[in-house]
$ cat coords06.pdb   # PDB, C-alpha atoms
ATOM      1  CA  MET A  30      41.329 -31.582  30.808
ATOM      2  CA  ALA A  31      38.667 -33.857  32.292
ATOM      3  CA  THR A  32      39.100 -34.650  35.958
ATOM      4  CA  ALA A  33      39.074 -38.239  37.150
ATOM      5  CA  VAL A  34      35.675 -37.713  38.802
ATOM      6  CA  GLU A  35      34.139 -36.199  35.652
ATOM      7  CA  SER A  36      35.511 -38.854  33.360
ATOM      8  CA  SER A  37      34.354 -41.647  35.646
ATOM      9  CA  GLN A  38      30.798 -40.332  35.956
ATOM     10  CA  GLY A  39      29.664 -42.493  33.054
ATOM     11  CA  PHE A  40      30.549 -45.643  34.953
ATOM     12  CA  LEU A  41      28.187 -44.712  37.796
ATOM     13  CA  GLU A  42      25.183 -44.598  35.518
ATOM     14  CA  ALA A  43      24.725 -48.336  35.615
ATOM     15  CA  LYS A  44      26.068 -50.797  38.141
ATOM     16  CA  PRO A  45      28.171 -53.399  36.310
ATOM     17  CA  LEU A  46      25.968 -56.080  37.842
ATOM     18  CA  ASP A  47      23.004 -54.776  35.837
ATOM     19  CA  TYR A  48      23.826 -56.644  32.640
ATOM     20  CA  ALA A  49      20.857 -58.076  30.781
ATOM     21  CA  GLU A  50      20.250 -61.701  31.758
ATOM     22  CA  SER A  51      20.438 -62.742  28.104
ATOM     23  CA  ARG A  52      23.999 -61.347  27.953
ATOM     24  CA  ASN A  53      24.990 -63.113  31.168
ATOM     25  CA  GLN A  54      23.635 -66.338  29.747
ATOM     26  CA  LEU A  55      25.474 -65.817  26.472
ATOM     27  CA  LEU A  56      28.750 -65.251  28.318
ATOM     28  CA  ARG A  57      28.160 -68.336  30.479
ATOM     29  CA  ARG A  58      27.471 -70.463  27.392
ATOM     30  CA  LEU A  59      30.487 -69.055  25.575
ATOM     31  CA  THR A  60      32.672 -69.836  28.602
ATOM     32  CA  TYR A  61      31.464 -73.463  28.814
ATOM     33  CA  PHE A  62      31.804 -73.833  25.043
ATOM     34  CA  SER A  63      35.362 -72.463  25.100
ATOM     35  CA  VAL A  64      36.383 -74.844  27.891
ATOM     36  CA  PHE A  65      34.840 -77.743  25.947
ATOM     37  CA  LEU A  66      36.665 -76.776  22.740
ATOM     38  CA  TRP A  67      39.948 -76.304  24.577
ATOM     39  CA  VAL A  68      39.735 -79.739  26.241
ATOM     40  CA  VAL A  69      38.743 -81.468  22.977
ATOM     41  CA  GLY A  70      41.489 -79.626  21.052
ATOM     42  CA  THR A  71      44.133 -80.588  23.612
ATOM     43  CA  VAL A  72      43.092 -84.248  23.722
ATOM     44  CA  MET A  73      42.878 -84.299  19.916
ATOM     45  CA  GLY A  74      46.471 -83.004  19.678
ATOM     46  CA  PHE A  75      47.685 -85.941  21.762
ATOM     47  CA  VAL A  76      45.705 -88.799  20.257
ATOM     48  CA  TYR A  77      44.279 -88.023  16.799
ATOM     49  CA  PRO A  78      47.220 -87.365  14.432
ATOM     50  CA  GLY A  79      50.270 -89.579  14.520
ATOM     51  CA  ALA A  80      53.729 -88.310  15.497
ATOM     52  CA  ASP A  81      55.870 -86.758  12.763
ATOM     53  CA  ALA A  82      58.463 -89.095  11.220
ATOM     54  CA  GLN A  83      61.384 -86.667  11.729
ATOM     55  CA  LEU A  84      60.351 -84.499  14.673
ATOM     56  CA  GLY A  85      58.785 -87.221  16.807
ATOM     57  CA  GLU A  86      56.299 -86.355  19.548
ATOM     58  CA  SER A  87      57.567 -82.759  19.954
ATOM     59  CA  GLN A  88      55.816 -81.886  16.669
ATOM     60  CA  ARG A  89      52.504 -82.029  18.594
ATOM     61  CA  ILE A  90      53.551 -78.759  20.295
ATOM     62  CA  PHE A  91      52.520 -77.107  17.026
ATOM     63  CA  TYR A  92      48.843 -77.580  17.872
ATOM     64  CA  ILE A  93      49.085 -75.353  20.952
ATOM     65  CA  HIS A  94      51.719 -73.125  19.252
ATOM     66  CA  LEU A  95      49.547 -72.318  16.204
ATOM     67  CA  GLY A  96      46.338 -72.240  18.258
ATOM     68  CA  SER A  97      47.696 -69.619  20.646
ATOM     69  CA  PHE A  98      48.957 -67.545  17.713
ATOM     70  CA  GLY A  99      45.428 -67.639  16.277
ATOM     71  CA  GLY A 100      44.135 -66.334  19.629
ATOM     72  CA  SER A 101      46.704 -63.540  19.794
ATOM     73  CA  PHE A 102      46.125 -62.531  16.155
ATOM     74  CA  VAL A 103      42.372 -62.155  16.688
ATOM     75  CA  THR A 104      42.726 -60.231  19.958
ATOM     76  CA  PHE A 105      45.374 -57.857  18.572
ATOM     77  CA  ALA A 106      43.161 -57.314  15.511
ATOM     78  CA  ALA A 107      40.270 -56.536  17.889
ATOM     79  CA  ALA A 108      42.468 -53.949  19.645
ATOM     80  CA  MET A 109      43.174 -52.315  16.282
ATOM     81  CA  VAL A 110      39.474 -52.245  15.316
ATOM     82  CA  ALA A 111      38.610 -50.886  18.784
ATOM     83  CA  GLY A 112      41.228 -48.168  18.252
ATOM     84  CA  PHE A 113      39.554 -47.017  15.035
ATOM     85  CA  ALA A 114      36.116 -47.252  16.691
ATOM     86  CA  TYR A 115      37.254 -45.110  19.637
ATOM     87  CA  LEU A 116      38.768 -42.418  17.400
ATOM     88  CA  ARG A 117      35.492 -42.302  15.464
ATOM     89  CA  THR A 118      33.012 -42.375  18.341
ATOM     90  CA  ARG A 119      35.088 -41.274  21.395
ATOM     91  CA  ASN A 120      33.187 -43.882  23.389
ATOM     92  CA  PRO A 121      35.384 -45.262  26.251
ATOM     93  CA  LYS A 122      33.867 -48.733  25.860
ATOM     94  CA  TRP A 123      36.117 -49.220  22.812
ATOM     95  CA  ASP A 124      39.171 -48.441  24.922
ATOM     96  CA  THR A 125      38.063 -51.077  27.420
ATOM     97  CA  LEU A 126      37.785 -53.605  24.575
ATOM     98  CA  ALA A 127      41.264 -52.651  23.322
ATOM     99  CA  LEU A 128      42.806 -52.968  26.786
ATOM    100  CA  ALA A 129      41.167 -56.356  27.432
ATOM    101  CA  SER A 130      42.175 -57.615  23.987
ATOM    102  CA  VAL A 131      45.811 -56.587  24.360
ATOM    103  CA  GLU A 132      46.073 -58.219  27.776
ATOM    104  CA  ILE A 133      44.640 -61.536  26.598
ATOM    105  CA  GLY A 134      46.605 -61.293  23.335
ATOM    106  CA  LEU A 135      49.850 -60.878  25.264
ATOM    107  CA  ALA A 136      49.179 -64.047  27.271
ATOM    108  CA  MET A 137      48.318 -65.985  24.087
ATOM    109  CA  SER A 138      51.406 -64.618  22.414
ATOM    110  CA  ALA A 139      53.528 -65.640  25.418
ATOM    111  CA  ILE A 140      52.207 -69.206  25.058
ATOM    112  CA  ASN A 141      53.088 -69.064  21.353
ATOM    113  CA  ILE A 142      56.653 -67.867  21.988
ATOM    114  CA  VAL A 143      57.419 -70.228  24.877
ATOM    115  CA  THR A 144      56.011 -73.330  23.153
ATOM    116  CA  GLY A 145      57.885 -72.362  19.980
ATOM    117  CA  ALA A 146      61.146 -72.102  21.925
ATOM    118  CA  ILE A 147      60.587 -75.525  23.489
ATOM    119  CA  TRP A 148      59.831 -77.042  20.066
ATOM    120  CA  ALA A 149      63.002 -75.393  18.694
ATOM    121  CA  ARG A 150      65.338 -77.032  21.235
ATOM    122  CA  PRO A 151      65.249 -80.586  19.812
ATOM    123  CA  THR A 152      64.739 -79.316  16.229
ATOM    124  CA  TRP A 153      67.267 -76.485  15.951
ATOM    125  CA  GLY A 154      69.484 -77.411  18.895
ATOM    126  CA  THR A 155      68.723 -74.114  20.648
ATOM    127  CA  TYR A 156      65.760 -72.535  22.424
ATOM    128  CA  TRP A 157      66.227 -69.193  20.698
ATOM    129  CA  THR A 158      67.907 -67.782  17.623
ATOM    130  CA  TRP A 159      67.519 -64.393  15.946
ATOM    131  CA  ASP A 160      65.711 -65.795  12.937
ATOM    132  CA  PRO A 161      63.530 -63.160  11.154
ATOM    133  CA  ARG A 162      60.270 -64.742  12.434
ATOM    134  CA  LEU A 163      61.523 -65.023  16.019
ATOM    135  CA  THR A 164      62.827 -61.467  15.917
ATOM    136  CA  THR A 165      59.524 -60.040  14.671
ATOM    137  CA  VAL A 166      57.465 -62.031  17.164
ATOM    138  CA  ALA A 167      59.701 -60.743  19.992
ATOM    139  CA  ILE A 168      59.223 -57.182  18.686
ATOM    140  CA  MET A 169      55.447 -57.788  18.520
ATOM    141  CA  TRP A 170      55.291 -59.028  22.124
ATOM    142  CA  LEU A 171      57.407 -56.146  23.431
ATOM    143  CA  THR A 172      55.344 -53.619  21.452
ATOM    144  CA  TYR A 173      52.125 -54.802  23.116
ATOM    145  CA  ALA A 174      53.756 -55.102  26.557
ATOM    146  CA  ALA A 175      54.831 -51.468  26.153
ATOM    147  CA  TYR A 176      51.204 -50.584  25.291
ATOM    148  CA  LEU A 177      50.135 -51.593  28.819
ATOM    149  CA  PHE A 178      53.003 -49.751  30.517
ATOM    150  CA  LEU A 179      52.714 -46.584  28.463
ATOM    151  CA  ARG A 180      48.934 -46.236  28.752
ATOM    152  CA  SER A 181      49.104 -46.648  32.526
ATOM    153  CA  ALA A 182      51.563 -43.721  32.652
ATOM    154  CA  ILE A 183      48.997 -41.267  31.220
ATOM    155  CA  GLU A 184      46.687 -39.912  33.906
ATOM    156  CA  ASP A 185      44.213 -37.898  31.854
ATOM    157  CA  PRO A 186      41.647 -40.510  30.651
ATOM    158  CA  GLU A 187      40.855 -38.823  27.329
ATOM    159  CA  ARG A 188      44.518 -38.478  26.416
ATOM    160  CA  ARG A 189      45.102 -42.071  27.512
ATOM    161  CA  PHE A 190      42.232 -43.377  25.349
ATOM    162  CA  ARG A 191      43.412 -41.379  22.333
ATOM    163  CA  PHE A 192      47.041 -42.443  22.749
ATOM    164  CA  ALA A 193      46.091 -46.103  23.284
ATOM    165  CA  SER A 194      43.859 -46.088  20.199
ATOM    166  CA  ILE A 195      46.571 -44.759  17.911
ATOM    167  CA  TYR A 196      49.188 -47.040  19.483
ATOM    168  CA  GLY A 197      46.890 -50.079  19.132
ATOM    169  CA  ILE A 198      46.354 -49.332  15.444
ATOM    170  CA  LEU A 199      50.064 -48.856  14.710
ATOM    171  CA  ALA A 200      51.099 -51.850  16.833
ATOM    172  CA  PHE A 201      49.105 -54.160  14.584
ATOM    173  CA  GLY A 202      51.814 -53.536  11.973
ATOM    174  CA  SER A 203      54.086 -55.770  14.077
ATOM    175  CA  VAL A 204      51.501 -58.582  13.856
ATOM    176  CA  ILE A 205      51.280 -58.256  10.060
ATOM    177  CA  LEU A 206      55.073 -58.249   9.840
ATOM    178  CA  THR A 207      55.262 -61.403  11.967
ATOM    179  CA  VAL A 208      52.800 -63.176   9.678
ATOM    180  CA  VAL A 209      54.443 -62.179   6.386
ATOM    181  CA  ILE A 210      58.135 -62.230   7.335
ATOM    182  CA  ILE A 211      58.709 -65.921   6.512
ATOM    183  CA  ARG A 212      56.943 -65.371   3.206
ATOM    184  CA  ILE A 213      59.266 -62.554   2.124
ATOM    185  CA  ARG A 214      62.598 -63.549   3.700
ATOM    186  CA  PRO A 215      64.125 -66.558   1.942
ATOM    187  CA  ASP A 216      66.726 -67.074   4.700
ATOM    188  CA  ALA A 217      64.234 -67.805   7.518
ATOM    189  CA  ILE A 218      64.739 -71.092   9.326
ATOM    190  CA  HIS A 219      61.255 -71.002  10.882
ATOM    191  CA  PRO A 220      59.105 -73.517   8.990
ATOM    192  CA  ASP A 221      56.198 -72.203   6.968
ATOM    193  CA  VAL A 222      53.669 -74.901   7.699
ATOM    194  CA  VAL A 223      50.619 -73.092   6.349
ATOM    195  CA  GLY A 224      50.599 -71.361   2.955
ATOM    196  CA  PRO A 225      53.230 -70.839   0.252
ATOM    197  CA  SER A 226      56.879 -70.421   1.227
ATOM    198  CA  VAL A 227      59.771 -68.593  -0.434
ATOM    199  CA  ASN A 228      62.560 -70.185   1.576
ATOM    200  CA  ASN A 229      65.228 -72.001  -0.422
ATOM    201  CA  GLY A 230      65.436 -75.039   1.772
ATOM    202  CA  SER A 231      66.666 -72.916   4.689
ATOM    203  CA  ALA A 232      63.731 -73.883   6.956
ATOM    204  CA  VAL A 233      64.614 -76.438   9.602
ATOM    205  CA  GLY A 234      61.878 -78.663  11.033
ATOM    206  CA  GLU A 235      59.449 -78.225   8.147
ATOM    207  CA  PHE A 236      56.815 -80.948   7.946
ATOM    208  CA  ARG A 237      54.010 -81.803   5.593
ATOM    209  CA  LEU A 238      50.577 -81.667   7.155
ATOM    210  CA  SER A 239      48.621 -84.900   6.866
ATOM    211  CA  PRO A 240      44.792 -84.539   6.767
ATOM    212  CA  SER A 241      44.502 -85.468  10.472
ATOM    213  CA  MET A 242      47.215 -82.906  11.360
ATOM    214  CA  THR A 243      45.426 -80.200   9.332
ATOM    215  CA  GLN A 244      42.126 -80.936  11.087
ATOM    216  CA  THR A 245      43.811 -80.804  14.504
ATOM    217  CA  VAL A 246      45.637 -77.559  13.694
ATOM    218  CA  LEU A 247      42.436 -75.891  12.447
ATOM    219  CA  PHE A 248      40.402 -77.180  15.392
ATOM    220  CA  ASN A 249      42.969 -75.866  17.882
ATOM    221  CA  ILE A 250      43.171 -72.477  16.160
ATOM    222  CA  PHE A 251      39.365 -72.231  16.383
ATOM    223  CA  ALA A 252      39.407 -73.405  20.042
ATOM    224  CA  TYR A 253      42.036 -70.847  21.075
ATOM    225  CA  ILE A 254      40.175 -68.062  19.257
ATOM    226  CA  VAL A 255      36.945 -68.922  21.122
ATOM    227  CA  VAL A 256      38.863 -69.167  24.433
ATOM    228  CA  SER A 257      40.420 -65.742  23.738
ATOM    229  CA  VAL A 258      37.049 -64.160  22.945
ATOM    230  CA  ALA A 259      35.549 -65.546  26.178
ATOM    231  CA  LEU A 260      38.546 -64.306  28.185
ATOM    232  CA  VAL A 261      38.341 -60.847  26.589
ATOM    233  CA  TRP A 262      34.664 -60.637  27.508
ATOM    234  CA  HIS A 263      35.420 -61.578  31.155
ATOM    235  CA  ARG A 264      38.290 -59.074  31.210
ATOM    236  CA  ILE A 265      35.966 -56.329  29.916
ATOM    237  CA  ARG A 266      33.521 -57.067  32.746
ATOM    238  CA  LEU A 267      36.344 -56.963  35.272
ATOM    239  CA  GLU A 268      37.521 -53.609  33.901
ATOM    240  CA  ASN A 269      33.983 -52.179  34.002
ATOM    241  CA  ARG A 270      33.570 -53.287  37.611
ATOM    242  CA  THR A 271      36.997 -51.895  38.552
ATOM    243  CA  ASN A 272      36.157 -48.539  36.942
ATOM    244  CA  TRP A 273      32.777 -48.483  38.665
ATOM    245  CA  VAL A 274      34.388 -49.123  42.080
ATOM    246  CA  LYS A 275      37.028 -46.436  41.406
ATOM    247  CA  ALA A 276      34.308 -43.944  40.453
ATOM    248  CA  ARG A 277      32.329 -44.803  43.592
ATOM    249  CA  LYS A 278      35.428 -44.288  45.733
ATOM    250  CA  LEU A 279      35.974 -40.854  44.201
ATOM    251  CA  GLN A 280      32.319 -39.956  44.649
ATOM    252  CA  ILE A 281      32.312 -40.948  48.332
ATOM    253  CA  LEU A 282      35.553 -39.032  48.901
ATOM    254  CA  SER A 283      34.226 -35.921  47.160
ATOM    255  CA  GLU A 284      30.973 -36.038  49.149
ATOM    256  CA  SER A 285      32.559 -36.613  52.558
TER     257      SER A 285
ATOM    258  CA  MET B  11      63.466 -91.515  15.204
ATOM    259  CA  ASP B  12      64.061 -89.480  18.331
ATOM    260  CA  ASN B  13      60.841 -89.486  20.365
ATOM    261  CA  ASN B  14      61.325 -86.053  22.041
ATOM    262  CA  ILE B  15      58.373 -86.697  24.354
ATOM    263  CA  GLU B  16      60.020 -84.714  27.173
ATOM    264  CA  PHE B  17      59.813 -81.576  25.008
ATOM    265  CA  LEU B  18      56.172 -82.282  24.215
ATOM    266  CA  ILE B  19      55.399 -82.479  27.938
ATOM    267  CA  MET B  20      57.494 -79.384  28.667
ATOM    268  CA  GLY B  21      55.699 -77.432  25.914
ATOM    269  CA  TYR B  22      52.215 -78.283  27.122
ATOM    270  CA  VAL B  23      53.112 -77.704  30.790
ATOM    271  CA  ALA B  24      54.540 -74.268  29.911
ATOM    272  CA  GLY B  25      51.465 -73.375  27.844
ATOM    273  CA  PHE B  26      49.044 -74.455  30.581
ATOM    274  CA  LEU B  27      51.127 -72.636  33.184
ATOM    275  CA  ILE B  28      50.842 -69.316  31.309
ATOM    276  CA  LEU B  29      47.104 -69.851  30.844
ATOM    277  CA  GLY B  30      46.850 -70.676  34.564
ATOM    278  CA  ILE B  31      48.721 -67.488  35.511
ATOM    279  CA  LEU B  32      46.341 -65.449  33.329
ATOM    280  CA  LEU B  33      43.245 -67.056  34.870
ATOM    281  CA  SER B  34      44.633 -66.675  38.410
ATOM    282  CA  SER B  35      45.405 -63.023  37.735
ATOM    283  CA  LEU B  36      41.835 -62.407  36.514
ATOM    284  CA  TRP B  37      40.388 -64.243  39.526
ATOM    285  CA  TRP B  38      42.652 -62.436  42.006
ATOM    286  CA  ARG B  39      41.715 -59.026  40.560
ATOM    287  CA  TYR B  40      38.029 -59.964  40.597
ATOM    288  CA  ARG B  41      38.273 -60.954  44.272
ATOM    289  CA  SER B  42      40.121 -57.745  45.045
ATOM    290  CA  VAL B  43      37.531 -55.520  43.340
ATOM    291  CA  MET B  44      34.701 -57.399  45.103
ATOM    292  CA  ALA B  45      36.421 -56.773  48.447
ATOM    293  CA  ASP B  46      36.721 -53.065  47.581
ATOM    294  CA  GLU B  47      33.048 -52.983  46.656
ATOM    295  CA  ALA B  48      32.049 -54.548  49.984
ATOM    296  CA  ALA B  49      34.242 -52.045  51.849
ATOM    297  CA  LEU B  50      32.586 -49.177  49.961
ATOM    298  CA  ASP B  51      29.116 -50.499  50.823
ATOM    299  CA  THR B  52      30.085 -50.536  54.511
ATOM    300  CA  LEU B  53      31.630 -47.067  54.323
ATOM    301  CA  GLU B  54      28.606 -45.651  52.531
ATOM    302  CA  SER B  55      26.164 -47.069  55.074
ATOM    303  CA  GLU B  56      28.322 -45.703  57.920
ATOM    304  CA  ILE B  57      28.335 -42.218  56.334
ATOM    305  CA  ARG B  58      24.539 -42.311  55.938
ATOM    306  CA  GLU B  59      24.095 -43.256  59.604
TER     307      GLU B  59
END

$ encode --input "coords06.pdb" --output "structure tokens"
Amino acid sequence: MATAVESSQGFLEAKPLDYAESRNQLLRRLTYFSVFLWVVGTVMGFVYPGADAQLGESQRIFYIHLGSFGGSFVTFAAAMVAGFAYLRTRNPKWDTLALASVEIGLAMSAINIVTGAIWARPTWGTYWTWDPRLTTVAIMWLTYAAYLFLRSAIEDPERRFRFASIYGILAFGSVILTVVIIRIRPDAIHPDVVGPSVNNGSAVGEFRLSPSMTQTVLFNIFAYIVVSVALVWHRIRLENRTNWVKARKLQILSES
Amino acid sequence: MDNNIEFLIMGYVAGFLILGILLSSLWWRYRSVMADEAALDTLESEIRE
């Protein structure tokens, strides 16, 4: 079993501040670009498409609701890819990517769930119901929340990385299930706004996307994906710095 | 048509609030790790002396 000092040695090789200037600049540009996209997407959601004839102004919640799901889907997919990459290479940098992705994905997913519940109140008459889509999204969120708790309970870094990689790969099944559930369960009341639907008129609050609504939905999905990528990158840097400080602490303690 | 604007406002406020909590958490942890780093620099220079 690797000791904490041994496993943290790698982090002491380079101070986290020593990133290439080109990378710092790229991150800075990505951050500004993501803020710009997010502001434009938000304003667009309020002013560009008209309100829905049946749902009124509350239908505009869908722009943030779908956008944040796009962000969580991409980050959870990144955690799965990082899991495979870690198992193949055993390089801890992939674990850092997975951890950062899950954390940002959970926040995006929380936005998705909360905004969905608020949209549901005037549409379904309740904030929450155990509809197949809502059930799977709750399972998905809890699965990834458990990822953070469970990985923090494993002290040995190598075991933790291995466990987190396998868990991250398997957990993506809950994301797939959330996406496909309203396409395979005909009794779902959650509207299937994008793509073909199998529901037999059971969906409540379904609306047809006008061209301006489609453009706003797609723009917001893109904006939230870019925001998520920028946040993951910042989170990775924070994790690297935290690990570097931890390793320094251990080194000073072992030397003194 | 029911306007439902109060739910629109509630939805966006809730979304921004979660995003704000995430950003604050990142900032707070960054500040905390920077403070630790400064403390380690001081400790290391004291040990060397």

$ interface_residues --input "coords06.pdb" --of "chain B" --to "chain A" --cutoff "8 Å" --atoms "only C-alpha atoms" --output "PyMOL selection string"
chain B and resi 11-18+20-22+24-25+28-29+32+36+39-40+43+46-47+50+54+57

$ atom_distance --input "coords06.pdb" --atom1 "atom CA of Asp124 of chain A" --atom2 "atom CA of Glu184 of chain A"
14.5 Å

$ resolve_selection --input "coords06.pdb" --expression "the PyMOL selection byres ((chain A and resi 201) around 9)" --output "list in words"
Phe105, Ala106, Ala108, Met109, Met169, Tyr196, Gly197, Ile198, Leu199, Ala200, Gly202, Ser203, Val204, Ile205 and Leu206 of chain A

$ resolve_selection --input "coords06.pdb" --expression "the PyMOL selection byres ((chain A and resi 258) around 9)" --output "PyMOL selection string"
chain A and resi 59+63+100+103-104+130+133+253-257+259-263

$ atom_distance --input "coords06.pdb" --atom1 "atom CA of Phe26 of chain B" --atom2 "atom CA of Ile211 of chain A"
27.3 Å

$ closest_residue --input "coords06.pdb" --among "A:Gln54, A:Thr60, A:Thr125, A:Thr118" --to "Ile265 of chain A" --atoms "only C-alpha atoms"
A:Thr125

$ atom_distance --input "coords06.pdb" --atom1 "atom CA of Thr245 of chain A" --atom2 "atom CA of Gly154 of chain A"
26.3 Å
